[in-house]
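These notes are about the structure you will find just below.
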Amino acid sequence: MRIGIVCYPTYGGSGVLATELGKALAEKGHEVHFISYQQPVRLSIFLPNIYYHEVQVPTYPLFDFPPYETALSSTLVDVIKNNHLDLLHVHYAIPHASAAYMAKKMLQEDGIEIPVITTLHGTDITLVGKDKMYAPVVAFSINESDVITAVSKNLRDETYKTFHIKKDIEVIYNFVDVERFNRKPLDAFKKVLAPNSERILLHASNFRQVKRVQDVVHIFNEVQKEIPAKLLLVGDGPERQPVEELSRCLGVFEKLTFVGKQDQMEEILPIADLFLLPSEYESFGLAALEAMASRVPVISTNAGGLAEVNIEGQTGYLADIGDIKTMSRKAIEILKDDDTLNAFKQRAFEHAQTFNMESIIPQYEAIYKRFCKDCW
Ligand code: GMT
């Protein structure tokens, strides 16, 4: 099939998932066209069957806000027509679902019918999408999509609660390439971070408020009082400064390593002993799943869809939002001895296989098949 994928190119989970999906589809022989304003971070265009089309947004002195959605719709029409795409799969509703609707309508004028699949990822519904300045367009364009999918049951339910959705929302869980993440830790890297074999705790995110990165520091502070430990922080964003400040106040700054944005997570994650994700909300928590595939157990909140990924007492532990005391106590419980830690590591890895790409990607292909039976 010839598939168009629209996504954010940045380090957010929706862009990562869309990119990994496109790469896997291309490997299976589909022709995949990525359409975005920048090359997605995990995408290499030097792969067979992969194409990247950049959306150019012309500016004009009149514009305080250059109209990205208009430029995206026009690019979609052009790419779909010139490459004879069979369908469009858009990730993250805003503004991708409405731009896809606009493109679909324009193409109908030329007698071209392009099916649109919209995958909801989380903040496009729970945070940004429900803002009254976006909500009517979000609800309309979701309803106009030919197929709607959500990355967890929780997100499906939240979408029904937030908007008047008249269609079925199908749940297709996020996935991970377990084989790629199941690596031996790089000893040299581990030695630099933890020269005295301290336990390594890790957090990776876009450092936005919803991630509660300050809770990560508080949990780490409690853990290191009991167990020699280091904290590795991957990613960057608005919370980075306050987090640095907090760690100085608590006197643990020297035990923290900030490595900024990274795209080779499969090399970094295996060195960790515990992944911390104390978010206010996660529709799914792809970062936690990638950690589990790297044999790293998870301490998280029970917000959103996290309980669908992190299994209490098996792959890690969950606690209420802001319950630093419980999360610290549970972290210590996991890290206290090698036998306990190794058992959690093994179970985290085994559970990650439930979300292996081999079982999830055919679920998307089954949806595509509904629209292009002759393509298979
Ligand atoms: O978490 C973010 O802030 C980024 C956001 C995104 O759309 O890029 O992530 C969302 O989508 C991911 C992939 O489906 C999910 O794993 C994340 O849980 C979800 N984030 C939130 O719901 C806050």
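In the structure tokens, each chain is lettered A, B, ... as it comes, each chain's residues begin at 1, and ligands are numbered from 1 in order of appearance.
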
List the spatial neighbours of Ala366 (chain A) as number ranges by chain - criterion: any atom at most 12 Å away, only C-alpha atoms, same-chain residues fewer than 4 positions off excluded.
A: 147, 170, 172, 359-362, 370-373, 376

Quick one: which chain A residues come within 10 Å of ligand 1, and what is the nearest atom pair for each with the distance in Å to one decimal, counting only C-alpha atoms and all ligand atoms, rows ordered by chain and ascending number, as JSON lines?
{"residue": "A:Cys7", "atom": "CA", "partner": "ligand 1", "partner_atom_place_in_ligand_line": "8 (O)", "distance": 9.1}
{"residue": "A:Tyr8", "atom": "CA", "partner": "ligand 1", "partner_atom_place_in_ligand_line": "8 (O)", "distance": 7.4}
{"residue": "A:Pro9", "atom": "CA", "partner": "ligand 1", "partner_atom_place_in_ligand_line": "8 (O)", "distance": 9.2}
{"residue": "A:Thr10", "atom": "CA", "partner": "ligand 1", "partner_atom_place_in_ligand_line": "8 (O)", "distance": 7.8}
{"residue": "A:Tyr11", "atom": "CA", "partner": "ligand 1", "partner_atom_place_in_ligand_line": "8 (O)", "distance": 7.0}
{"residue": "A:Gly12", "atom": "CA", "partner": "ligand 1", "partner_atom_place_in_ligand_line": "8 (O)", "distance": 3.3}
{"residue": "A:Gly13", "atom": "CA", "partner": "ligand 1", "partner_atom_place_in_ligand_line": "8 (O)", "distance": 3.8}
{"residue": "A:Ser14", "atom": "CA", "partner": "ligand 1", "partner_atom_place_in_ligand_line": "8 (O)", "distance": 3.8}
{"residue": "A:Gly15", "atom": "CA", "partner": "ligand 1", "partner_atom_place_in_ligand_line": "8 (O)", "distance": 5.7}
{"residue": "A:Val16", "atom": "CA", "partner": "ligand 1", "partner_atom_place_in_ligand_line": "13 (C)", "distance": 7.3}
{"residue": "A:Leu17", "atom": "CA", "partner": "ligand 1", "partner_atom_place_in_ligand_line": "13 (C)", "distance": 6.1}
{"residue": "A:Ala18", "atom": "CA", "partner": "ligand 1", "partner_atom_place_in_ligand_line": "13 (C)", "distance": 8.6}
{"residue": "A:His91", "atom": "CA", "partner": "ligand 1", "partner_atom_place_in_ligand_line": "7 (O)", "distance": 8.2}
{"residue": "A:Tyr92", "atom": "CA", "partner": "ligand 1", "partner_atom_place_in_ligand_line": "7 (O)", "distance": 6.2}
{"residue": "A:Ala93", "atom": "CA", "partner": "ligand 1", "partner_atom_place_in_ligand_line": "7 (O)", "distance": 9.4}
{"residue": "A:Thr119", "atom": "CA", "partner": "ligand 1", "partner_atom_place_in_ligand_line": "14 (O)", "distance": 8.6}
{"residue": "A:Leu120", "atom": "CA", "partner": "ligand 1", "partner_atom_place_in_ligand_line": "14 (O)", "distance": 7.5}
{"residue": "A:His121", "atom": "CA", "partner": "ligand 1", "partner_atom_place_in_ligand_line": "11 (O)", "distance": 4.3}
{"residue": "A:Gly122", "atom": "CA", "partner": "ligand 1", "partner_atom_place_in_ligand_line": "22 (O)", "distance": 3.8}
{"residue": "A:Thr123", "atom": "CA", "partner": "ligand 1", "partner_atom_place_in_ligand_line": "22 (O)", "distance": 5.0}
{"residue": "A:Asp124", "atom": "CA", "partner": "ligand 1", "partner_atom_place_in_ligand_line": "7 (O)", "distance": 7.0}
{"residue": "A:Ile125", "atom": "CA", "partner": "ligand 1", "partner_atom_place_in_ligand_line": "22 (O)", "distance": 8.6}
{"residue": "A:Thr126", "atom": "CA", "partner": "ligand 1", "partner_atom_place_in_ligand_line": "22 (O)", "distance": 7.3}
{"residue": "A:Leu127", "atom": "CA", "partner": "ligand 1", "partner_atom_place_in_ligand_line": "23 (C)", "distance": 8.0}
{"residue": "A:Ala150", "atom": "CA", "partner": "ligand 1", "partner_atom_place_in_ligand_line": "14 (O)", "distance": 8.2}
{"residue": "A:Val151", "atom": "CA", "partner": "ligand 1", "partner_atom_place_in_ligand_line": "14 (O)", "distance": 5.7}
{"residue": "A:Ser152", "atom": "CA", "partner": "ligand 1", "partner_atom_place_in_ligand_line": "14 (O)", "distance": 8.4}
{"residue": "A:Leu155", "atom": "CA", "partner": "ligand 1", "partner_atom_place_in_ligand_line": "22 (O)", "distance": 8.2}
{"residue": "A:Tyr173", "atom": "CA", "partner": "ligand 1", "partner_atom_place_in_ligand_line": "14 (O)", "distance": 8.3}
{"residue": "A:Asn174", "atom": "CA", "partner": "ligand 1", "partner_atom_place_in_ligand_line": "14 (O)", "distance": 6.1}
{"residue": "A:Phe175", "atom": "CA", "partner": "ligand 1", "partner_atom_place_in_ligand_line": "14 (O)", "distance": 9.2}
{"residue": "A:Ser205", "atom": "CA", "partner": "ligand 1", "partner_atom_place_in_ligand_line": "1 (O)", "distance": 7.1}
{"residue": "A:Asn206", "atom": "CA", "partner": "ligand 1", "partner_atom_place_in_ligand_line": "3 (O)", "distance": 6.3}
{"residue": "A:Phe207", "atom": "CA", "partner": "ligand 1", "partner_atom_place_in_ligand_line": "3 (O)", "distance": 8.3}
{"residue": "A:Arg208", "atom": "CA", "partner": "ligand 1", "partner_atom_place_in_ligand_line": "3 (O)", "distance": 6.8}
{"residue": "A:Gln209", "atom": "CA", "partner": "ligand 1", "partner_atom_place_in_ligand_line": "3 (O)", "distance": 9.0}
{"residue": "A:Val210", "atom": "CA", "partner": "ligand 1", "partner_atom_place_in_ligand_line": "23 (C)", "distance": 6.3}
{"residue": "A:Lys211", "atom": "CA", "partner": "ligand 1", "partner_atom_place_in_ligand_line": "23 (C)", "distance": 7.3}
{"residue": "A:Ser279", "atom": "CA", "partner": "ligand 1", "partner_atom_place_in_ligand_line": "23 (C)", "distance": 7.5}
{"residue": "A:Glu280", "atom": "CA", "partner": "ligand 1", "partner_atom_place_in_ligand_line": "23 (C)", "distance": 7.7}
{"residue": "A:Tyr281", "atom": "CA", "partner": "ligand 1", "partner_atom_place_in_ligand_line": "23 (C)", "distance": 5.2}
{"residue": "A:Glu282", "atom": "CA", "partner": "ligand 1", "partner_atom_place_in_ligand_line": "22 (O)", "distance": 3.6}
{"residue": "A:Ser283", "atom": "CA", "partner": "ligand 1", "partner_atom_place_in_ligand_line": "22 (O)", "distance": 3.9}
{"residue": "A:Phe284", "atom": "CA", "partner": "ligand 1", "partner_atom_place_in_ligand_line": "18 (O)", "distance": 4.0}
{"residue": "A:Gly285", "atom": "CA", "partner": "ligand 1", "partner_atom_place_in_ligand_line": "18 (O)", "distance": 3.7}
{"residue": "A:Leu286", "atom": "CA", "partner": "ligand 1", "partner_atom_place_in_ligand_line": "16 (O)", "distance": 3.7}
{"residue": "A:Ala287", "atom": "CA", "partner": "ligand 1", "partner_atom_place_in_ligand_line": "16 (O)", "distance": 6.5}
{"residue": "A:Ala288", "atom": "CA", "partner": "ligand 1", "partner_atom_place_in_ligand_line": "16 (O)", "distance": 8.2}
{"residue": "A:Leu289", "atom": "CA", "partner": "ligand 1", "partner_atom_place_in_ligand_line": "16 (O)", "distance": 8.4}
{"residue": "A:Glu290", "atom": "CA", "partner": "ligand 1", "partner_atom_place_in_ligand_line": "16 (O)", "distance": 9.9}
{"residue": "A:Ala303", "atom": "CA", "partner": "ligand 1", "partner_atom_place_in_ligand_line": "22 (O)", "distance": 9.4}
{"residue": "A:Gly304", "atom": "CA", "partner": "ligand 1", "partner_atom_place_in_ligand_line": "22 (O)", "distance": 7.5}
{"residue": "A:Gly305", "atom": "CA", "partner": "ligand 1", "partner_atom_place_in_ligand_line": "18 (O)", "distance": 7.6}
{"residue": "A:Leu306", "atom": "CA", "partner": "ligand 1", "partner_atom_place_in_ligand_line": "18 (O)", "distance": 7.8}
{"residue": "A:Val309", "atom": "CA", "partner": "ligand 1", "partner_atom_place_in_ligand_line": "16 (O)", "distance": 10.0}

Measuring between only C-alpha atoms, which one of A:Asp168, A:Glu27, A:Asp86, A:Glu333 shows the shortest distance to Ile50 (chain A)?
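Looking only at the distances to Ile50 (chain A), the closest residue turns out to be A:Glu27.
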
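Distance check against Leu256 (chain A) using only C-alpha atoms: of A:Glu239, A:Thr59, A:Leu202, A:Ile268, the minimum falls on A:Leu202.
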
Quick one: residues within 9 Å of Glu113 (chain A), only C-alpha atoms counted, chain neighbours fewer than 2 positions away excluded, as a list of chain:residue names?
A:Asp86, A:Leu87, A:Lys104, A:Lys105, A:Leu107, A:Gln108, A:Asp110, A:Gly111, A:Pro115

Identify, on the basis of only C-alpha atoms, every residue whose closest approach to Asp187 (chain A) does not exceed 12 Å; exclude the query and any residue fewer than 3 positions from it along the same chain; express the result as a list in words.
Arg183, Lys184, Lys190, Lys191, Val192, Leu193, Ala194, Pro195, Ser197, Glu267, Ile268, Pro270, Ile271 and Ala272 of chain A

Considering only strand (DSSP E or B) as DSSP defines it on the backbone, what residues of region 222-269 of chain A qualify? List them as a list in words.
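So, restricting region 222-269 of chain A to strand (DSSP E or B), we get Ala229, Lys230, Leu231, Leu232, Leu233, Val234, Leu256, Thr257, Phe258, Val259 and Gly260 of chain A.
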
Based on the selection just made, write N, CA and C atoms of those residues as a CSV table (one decimal), in the first residue's frame.
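See selection_14.csv below for the written result:
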chain,number,residue,atom,x,y,z
A,229,ALA,N,23.0,5.7,44.9
A,229,ALA,CA,22.2,5.8,43.6
A,229,ALA,C,22.6,7.0,42.9
A,230,LYS,N,22.4,7.0,41.6
A,230,LYS,CA,22.6,8.1,40.7
A,230,LYS,C,21.3,8.3,39.9
A,231,LEU,N,21.1,9.5,39.4
A,231,LEU,CA,19.9,9.8,38.6
A,231,LEU,C,20.3,10.3,37.2
A,232,LEU,N,19.8,9.6,36.2
A,232,LEU,CA,20.1,10.1,34.8
A,232,LEU,C,18.8,10.7,34.2
A,233,LEU,N,18.9,11.9,33.8
A,233,LEU,CA,17.7,12.6,33.2
A,233,LEU,C,17.9,12.8,31.7
A,234,VAL,N,17.0,12.3,31.0
A,234,VAL,CA,17.1,12.3,29.5
A,234,VAL,C,15.9,13.2,29.0
A,256,LEU,N,23.2,13.9,39.9
A,256,LEU,CA,22.3,13.9,38.7
A,256,LEU,C,23.1,14.1,37.5
A,257,THR,N,22.7,13.4,36.4
A,257,THR,CA,23.4,13.7,35.1
A,257,THR,C,22.3,14.0,34.1
A,258,PHE,N,22.3,15.2,33.5
A,258,PHE,CA,21.4,15.6,32.5
A,258,PHE,C,22.1,15.4,31.1
A,259,VAL,N,21.4,14.6,30.3
A,259,VAL,CA,22.0,14.4,29.0
A,259,VAL,C,21.2,15.0,27.8
A,260,GLY,N,20.2,15.7,28.1
A,260,GLY,CA,19.4,16.4,27.1
A,260,GLY,C,18.6,15.4,26.2

Need to verify the contact set: Ile148 (chain A), 6 Å, only C-alpha atoms, exclusion of same-chain residues closer than 6 positions in sequence. Can you return it as a list in words?
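Here the qualifying residues turn out to be Ile117, Thr118, Thr119 and Ile169 of chain A.
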
Compile the contact shell of Glu69 (chain A) as a PyMOL selection string: residues with an atom at most 10 Å away, counting only C-alpha atoms, same-chain residues fewer than 3 positions apart removed.
chain A and resi 55+57+66+72-75+94-100+102

Going by DSSP on the backbone, which residues of region 103-315 of chain A come out as alpha helix (DSSP H)? List them as a compact mmCIF listing (two decimals) with N, CA, C and O atoms, in the first residue's frame.
# COMPACT_ATOMS: atom_id res chain seq x y z
N ALA A 103 -8.05 18.33 3.29
CA ALA A 103 -7.44 17.72 2.11
C ALA A 103 -8.41 16.73 1.48
O ALA A 103 -8.58 16.69 0.24
N LYS A 104 -9.07 15.95 2.31
CA LYS A 104 -10.03 14.95 1.81
C LYS A 104 -11.12 15.63 0.98
O LYS A 104 -11.47 15.19 -0.12
N LYS A 105 -11.64 16.73 1.52
CA LYS A 105 -12.72 17.44 0.81
C LYS A 105 -12.22 18.03 -0.50
O LYS A 105 -12.91 17.99 -1.52
N MET A 106 -11.03 18.57 -0.48
CA MET A 106 -10.48 19.16 -1.72
C MET A 106 -10.27 18.08 -2.78
O MET A 106 -10.56 18.29 -3.95
N LEU A 107 -9.78 16.93 -2.34
CA LEU A 107 -9.51 15.84 -3.29
C LEU A 107 -10.80 15.28 -3.89
O LEU A 107 -10.83 14.83 -5.04
N GLN A 108 -11.89 15.33 -3.10
CA GLN A 108 -13.18 14.84 -3.62
C GLN A 108 -13.60 15.63 -4.87
O GLN A 108 -14.22 15.09 -5.78
N GLU A 109 -13.23 16.90 -4.90
CA GLU A 109 -13.53 17.73 -6.07
C GLU A 109 -12.89 17.15 -7.34
O GLU A 109 -13.35 17.36 -8.44
N THR A 123 -2.51 14.06 24.93
CA THR A 123 -2.74 15.48 25.23
C THR A 123 -3.59 16.16 24.14
O THR A 123 -4.18 17.21 24.41
N ASP A 124 -3.67 15.56 22.97
CA ASP A 124 -4.55 16.10 21.93
C ASP A 124 -6.02 16.02 22.38
O ASP A 124 -6.89 16.70 21.82
N ILE A 125 -6.29 15.22 23.40
CA ILE A 125 -7.64 15.10 23.94
C ILE A 125 -7.68 15.69 25.35
O ILE A 125 -8.47 16.60 25.65
N THR A 126 -6.80 15.19 26.21
CA THR A 126 -6.94 15.46 27.64
C THR A 126 -6.45 16.82 28.09
O THR A 126 -6.84 17.32 29.14
N ALA A 135 -11.63 22.69 20.99
CA ALA A 135 -12.54 21.54 21.12
C ALA A 135 -13.52 21.33 19.96
O ALA A 135 -13.64 20.20 19.47
N PRO A 136 -14.23 22.38 19.48
CA PRO A 136 -15.21 22.11 18.41
C PRO A 136 -14.55 21.52 17.16
O PRO A 136 -15.09 20.60 16.55
N VAL A 137 -13.39 22.05 16.81
CA VAL A 137 -12.70 21.56 15.59
C VAL A 137 -12.18 20.15 15.83
O VAL A 137 -12.27 19.28 14.95
N VAL A 138 -11.66 19.91 17.03
CA VAL A 138 -11.14 18.58 17.34
C VAL A 138 -12.27 17.55 17.25
O VAL A 138 -12.14 16.52 16.56
N ALA A 139 -13.40 17.84 17.90
CA ALA A 139 -14.53 16.89 17.88
C ALA A 139 -15.02 16.67 16.45
O ALA A 139 -15.23 15.52 16.03
N PHE A 140 -15.16 17.75 15.69
CA PHE A 140 -15.64 17.64 14.32
C PHE A 140 -14.71 16.78 13.47
O PHE A 140 -15.15 15.83 12.80
N SER A 141 -13.41 17.07 13.55
CA SER A 141 -12.49 16.36 12.65
C SER A 141 -12.30 14.91 13.08
O SER A 141 -12.07 14.05 12.23
N ILE A 142 -12.44 14.63 14.37
CA ILE A 142 -12.37 13.23 14.80
C ILE A 142 -13.58 12.49 14.22
O ILE A 142 -13.46 11.41 13.65
N ASN A 143 -14.74 13.11 14.36
CA ASN A 143 -15.96 12.48 13.84
C ASN A 143 -15.94 12.28 12.32
O ASN A 143 -16.58 11.38 11.79
N GLU A 144 -15.21 13.14 11.64
CA GLU A 144 -15.14 13.03 10.17
C GLU A 144 -14.09 12.02 9.70
O GLU A 144 -14.01 11.72 8.52
N LYS A 153 -7.16 2.02 26.48
CA LYS A 153 -8.59 2.02 26.82
C LYS A 153 -8.93 3.31 27.56
O LYS A 153 -9.98 3.90 27.36
N ASN A 154 -7.99 3.73 28.41
CA ASN A 154 -8.23 4.95 29.18
C ASN A 154 -8.44 6.13 28.24
O ASN A 154 -9.36 6.93 28.44
N LEU A 155 -7.60 6.25 27.21
CA LEU A 155 -7.74 7.39 26.30
C LEU A 155 -9.05 7.29 25.50
O LEU A 155 -9.70 8.30 25.25
N ARG A 156 -9.42 6.07 25.12
CA ARG A 156 -10.71 5.91 24.43
C ARG A 156 -11.84 6.43 25.34
O ARG A 156 -12.67 7.24 24.90
N ASP A 157 -11.83 6.02 26.60
CA ASP A 157 -12.90 6.43 27.52
C ASP A 157 -12.87 7.94 27.77
O ASP A 157 -13.92 8.58 27.82
N GLU A 158 -11.67 8.49 27.92
CA GLU A 158 -11.54 9.95 28.13
C GLU A 158 -12.08 10.71 26.92
O GLU A 158 -12.67 11.77 27.06
N THR A 159 -11.84 10.16 25.73
CA THR A 159 -12.30 10.85 24.51
C THR A 159 -13.83 10.87 24.48
O THR A 159 -14.45 11.90 24.18
N TYR A 160 -14.44 9.73 24.82
CA TYR A 160 -15.91 9.69 24.85
C TYR A 160 -16.46 10.65 25.91
O TYR A 160 -17.49 11.27 25.71
N LYS A 161 -15.74 10.75 27.03
CA LYS A 161 -16.21 11.65 28.11
C LYS A 161 -16.07 13.11 27.70
O LYS A 161 -16.88 13.95 28.07
N THR A 162 -15.00 13.42 26.96
CA THR A 162 -14.69 14.82 26.66
C THR A 162 -15.48 15.36 25.47
O THR A 162 -15.89 16.51 25.46
N VAL A 178 10.90 -4.99 20.72
CA VAL A 178 11.55 -5.60 21.89
C VAL A 178 12.98 -6.01 21.56
O VAL A 178 13.90 -5.79 22.34
N GLU A 179 13.16 -6.55 20.38
CA GLU A 179 14.49 -7.02 19.99
C GLU A 179 15.53 -5.88 20.02
O GLU A 179 16.65 -6.07 20.43
N ARG A 180 15.08 -4.71 19.57
CA ARG A 180 16.00 -3.57 19.50
C ARG A 180 16.37 -3.06 20.90
O ARG A 180 17.48 -2.61 21.15
N PHE A 181 15.41 -3.12 21.82
CA PHE A 181 15.65 -2.57 23.15
C PHE A 181 16.26 -3.57 24.12
O PHE A 181 16.79 -3.19 25.15
N ASP A 187 28.94 -1.19 29.32
CA ASP A 187 29.68 -1.11 30.59
C ASP A 187 30.40 0.22 30.78
O ASP A 187 30.39 0.79 31.87
N ALA A 188 31.01 0.71 29.68
CA ALA A 188 31.78 1.95 29.79
C ALA A 188 30.88 3.11 30.22
O ALA A 188 31.23 3.91 31.09
N PHE A 189 29.70 3.16 29.64
CA PHE A 189 28.74 4.22 29.94
C PHE A 189 28.29 4.11 31.40
O PHE A 189 28.21 5.09 32.15
N LYS A 190 28.04 2.88 31.82
CA LYS A 190 27.58 2.62 33.18
C LYS A 190 28.66 3.05 34.19
O LYS A 190 28.37 3.65 35.22
N LYS A 191 29.90 2.76 33.86
CA LYS A 191 31.03 3.09 34.75
C LYS A 191 31.17 4.60 34.94
O LYS A 191 31.45 5.08 36.03
N VAL A 192 30.96 5.35 33.84
CA VAL A 192 31.09 6.81 33.93
C VAL A 192 30.01 7.36 34.88
O VAL A 192 30.27 8.21 35.73
N LEU A 193 28.81 6.83 34.74
CA LEU A 193 27.70 7.36 35.54
C LEU A 193 27.74 6.87 36.98
O LEU A 193 27.44 7.62 37.91
N VAL A 213 8.40 16.34 36.83
CA VAL A 213 9.82 15.93 36.93
C VAL A 213 10.38 16.27 38.32
O VAL A 213 11.30 15.62 38.82
N GLN A 214 9.78 17.27 38.99
CA GLN A 214 10.26 17.59 40.34
C GLN A 214 10.00 16.42 41.29
O GLN A 214 10.78 16.18 42.21
N ASP A 215 8.92 15.67 41.04
CA ASP A 215 8.66 14.48 41.86
C ASP A 215 9.76 13.43 41.65
O ASP A 215 10.12 12.71 42.57
N VAL A 216 10.28 13.40 40.43
CA VAL A 216 11.38 12.46 40.14
C VAL A 216 12.55 12.76 41.09
O VAL A 216 13.14 11.86 41.69
N VAL A 217 12.86 14.05 41.23
CA VAL A 217 14.00 14.45 42.08
C VAL A 217 13.70 14.13 43.55
O VAL A 217 14.58 13.64 44.28
N HIS A 218 12.47 14.39 43.97
CA HIS A 218 12.10 14.08 45.37
C HIS A 218 12.21 12.58 45.64
O HIS A 218 12.72 12.16 46.68
N ILE A 219 11.73 11.78 44.70
CA ILE A 219 11.80 10.31 44.88
C ILE A 219 13.27 9.88 44.95
O ILE A 219 13.68 9.13 45.84
N PHE A 220 14.05 10.41 44.01
CA PHE A 220 15.48 10.06 43.99
C PHE A 220 16.15 10.44 45.31
O PHE A 220 16.94 9.67 45.88
N ASN A 221 15.80 11.63 45.81
CA ASN A 221 16.38 12.10 47.07
C ASN A 221 16.13 11.10 48.19
O ASN A 221 17.04 10.77 48.97
N GLU A 222 14.91 10.60 48.27
CA GLU A 222 14.58 9.62 49.33
C GLU A 222 15.35 8.32 49.12
O GLU A 222 15.87 7.74 50.06
N VAL A 223 15.41 7.87 47.86
CA VAL A 223 16.07 6.59 47.56
C VAL A 223 17.56 6.65 47.93
O VAL A 223 18.09 5.74 48.59
N GLN A 224 18.23 7.74 47.53
CA GLN A 224 19.68 7.80 47.73
C GLN A 224 20.06 7.91 49.22
O GLN A 224 21.20 7.71 49.59
N LYS A 225 19.07 8.21 50.08
CA LYS A 225 19.36 8.22 51.53
C LYS A 225 19.56 6.79 52.04
O LYS A 225 20.21 6.56 53.03
N GLU A 226 18.93 5.84 51.33
CA GLU A 226 18.96 4.43 51.78
C GLU A 226 19.93 3.57 50.96
O GLU A 226 20.48 2.62 51.46
N ARG A 240 13.22 21.93 33.12
CA ARG A 240 14.64 21.60 33.37
C ARG A 240 15.26 22.51 34.43
O ARG A 240 15.92 22.04 35.37
N GLN A 241 15.06 23.84 34.30
CA GLN A 241 15.65 24.78 35.25
C GLN A 241 15.15 24.55 36.68
O GLN A 241 15.95 24.38 37.60
N PRO A 242 13.80 24.54 36.87
CA PRO A 242 13.29 24.29 38.24
C PRO A 242 13.78 22.97 38.83
O PRO A 242 14.02 22.88 40.02
N VAL A 243 13.97 21.98 37.97
CA VAL A 243 14.44 20.67 38.45
C VAL A 243 15.89 20.78 38.93
O VAL A 243 16.26 20.26 39.99
N GLU A 244 16.70 21.50 38.16
CA GLU A 244 18.10 21.71 38.58
C GLU A 244 18.15 22.43 39.92
O GLU A 244 18.89 22.07 40.82
N GLU A 245 17.30 23.47 40.02
CA GLU A 245 17.27 24.27 41.25
C GLU A 245 16.87 23.41 42.45
O GLU A 245 17.50 23.48 43.51
N LEU A 246 15.84 22.60 42.25
CA LEU A 246 15.37 21.75 43.34
C LEU A 246 16.47 20.79 43.79
O LEU A 246 16.70 20.59 44.98
N SER A 247 17.18 20.22 42.82
CA SER A 247 18.21 19.24 43.18
C SER A 247 19.35 19.92 43.95
O SER A 247 19.97 19.31 44.82
N ARG A 248 19.61 21.19 43.64
CA ARG A 248 20.64 21.93 44.40
C ARG A 248 20.16 22.16 45.83
O ARG A 248 20.90 21.97 46.79
N CYS A 249 18.87 22.56 45.94
CA CYS A 249 18.29 22.80 47.28
C CYS A 249 18.37 21.55 48.13
O CYS A 249 18.63 21.60 49.33
N LEU A 250 18.10 20.40 47.50
CA LEU A 250 18.08 19.14 48.24
C LEU A 250 19.49 18.58 48.46
O LEU A 250 19.67 17.58 49.16
N MET A 265 17.57 5.78 22.41
CA MET A 265 17.13 5.34 23.74
C MET A 265 17.48 3.88 24.02
O MET A 265 17.68 3.48 25.15
N GLU A 266 17.57 3.08 22.95
CA GLU A 266 17.88 1.66 23.15
C GLU A 266 19.31 1.45 23.67
O GLU A 266 19.63 0.40 24.21
N GLU A 267 20.16 2.47 23.52
CA GLU A 267 21.52 2.36 24.07
C GLU A 267 21.58 2.87 25.50
O GLU A 267 22.41 2.44 26.30
N ILE A 268 20.70 3.80 25.83
CA ILE A 268 20.73 4.43 27.16
C ILE A 268 19.95 3.61 28.19
O ILE A 268 20.43 3.35 29.30
N LEU A 286 4.60 5.51 26.62
CA LEU A 286 5.50 4.78 25.71
C LEU A 286 6.92 4.71 26.27
O LEU A 286 7.62 3.70 26.12
N ALA A 287 7.33 5.77 26.96
CA ALA A 287 8.69 5.80 27.54
C ALA A 287 8.85 4.66 28.55
O ALA A 287 9.91 4.02 28.62
N ALA A 288 7.79 4.40 29.32
CA ALA A 288 7.85 3.31 30.31
C ALA A 288 7.93 1.96 29.60
O ALA A 288 8.66 1.06 30.03
N LEU A 289 7.19 1.82 28.51
CA LEU A 289 7.23 0.56 27.77
C LEU A 289 8.62 0.31 27.18
O LEU A 289 9.13 -0.82 27.24
N GLU A 290 9.23 1.36 26.64
CA GLU A 290 10.59 1.19 26.09
C GLU A 290 11.56 0.79 27.21
O GLU A 290 12.46 -0.02 27.00
N ALA A 291 11.36 1.35 28.40
CA ALA A 291 12.21 0.98 29.55
C ALA A 291 12.01 -0.51 29.87
O ALA A 291 12.98 -1.25 30.04
N MET A 292 10.76 -0.94 29.90
CA MET A 292 10.48 -2.34 30.25
C MET A 292 11.11 -3.30 29.22
O MET A 292 11.62 -4.35 29.57
N ALA A 293 11.05 -2.89 27.94
CA ALA A 293 11.65 -3.73 26.90
C ALA A 293 13.17 -3.81 27.08
O ALA A 293 13.81 -4.74 26.59

Kindly indicate which residue among A:Pro278, A:Gly251, A:Gly235, A:Gly4 lies nearest to Gln264 (chain A), using only C-alpha atoms for the distances.
A:Gly235

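With distances restricted to only C-alpha atoms, A:Asn342 is the closest residue to Asp273 (chain A) from A:Asn342, A:Ser44, A:Thr70, A:Gln363.
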
Shortest interatomic distance to Gln262 (chain A) - which of A:Ala204, A:Ile5, A:Leu186, A:Met133, counting only C-alpha atoms:
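Answer, going by the shortest atom-to-atom distance: A:Ala204.
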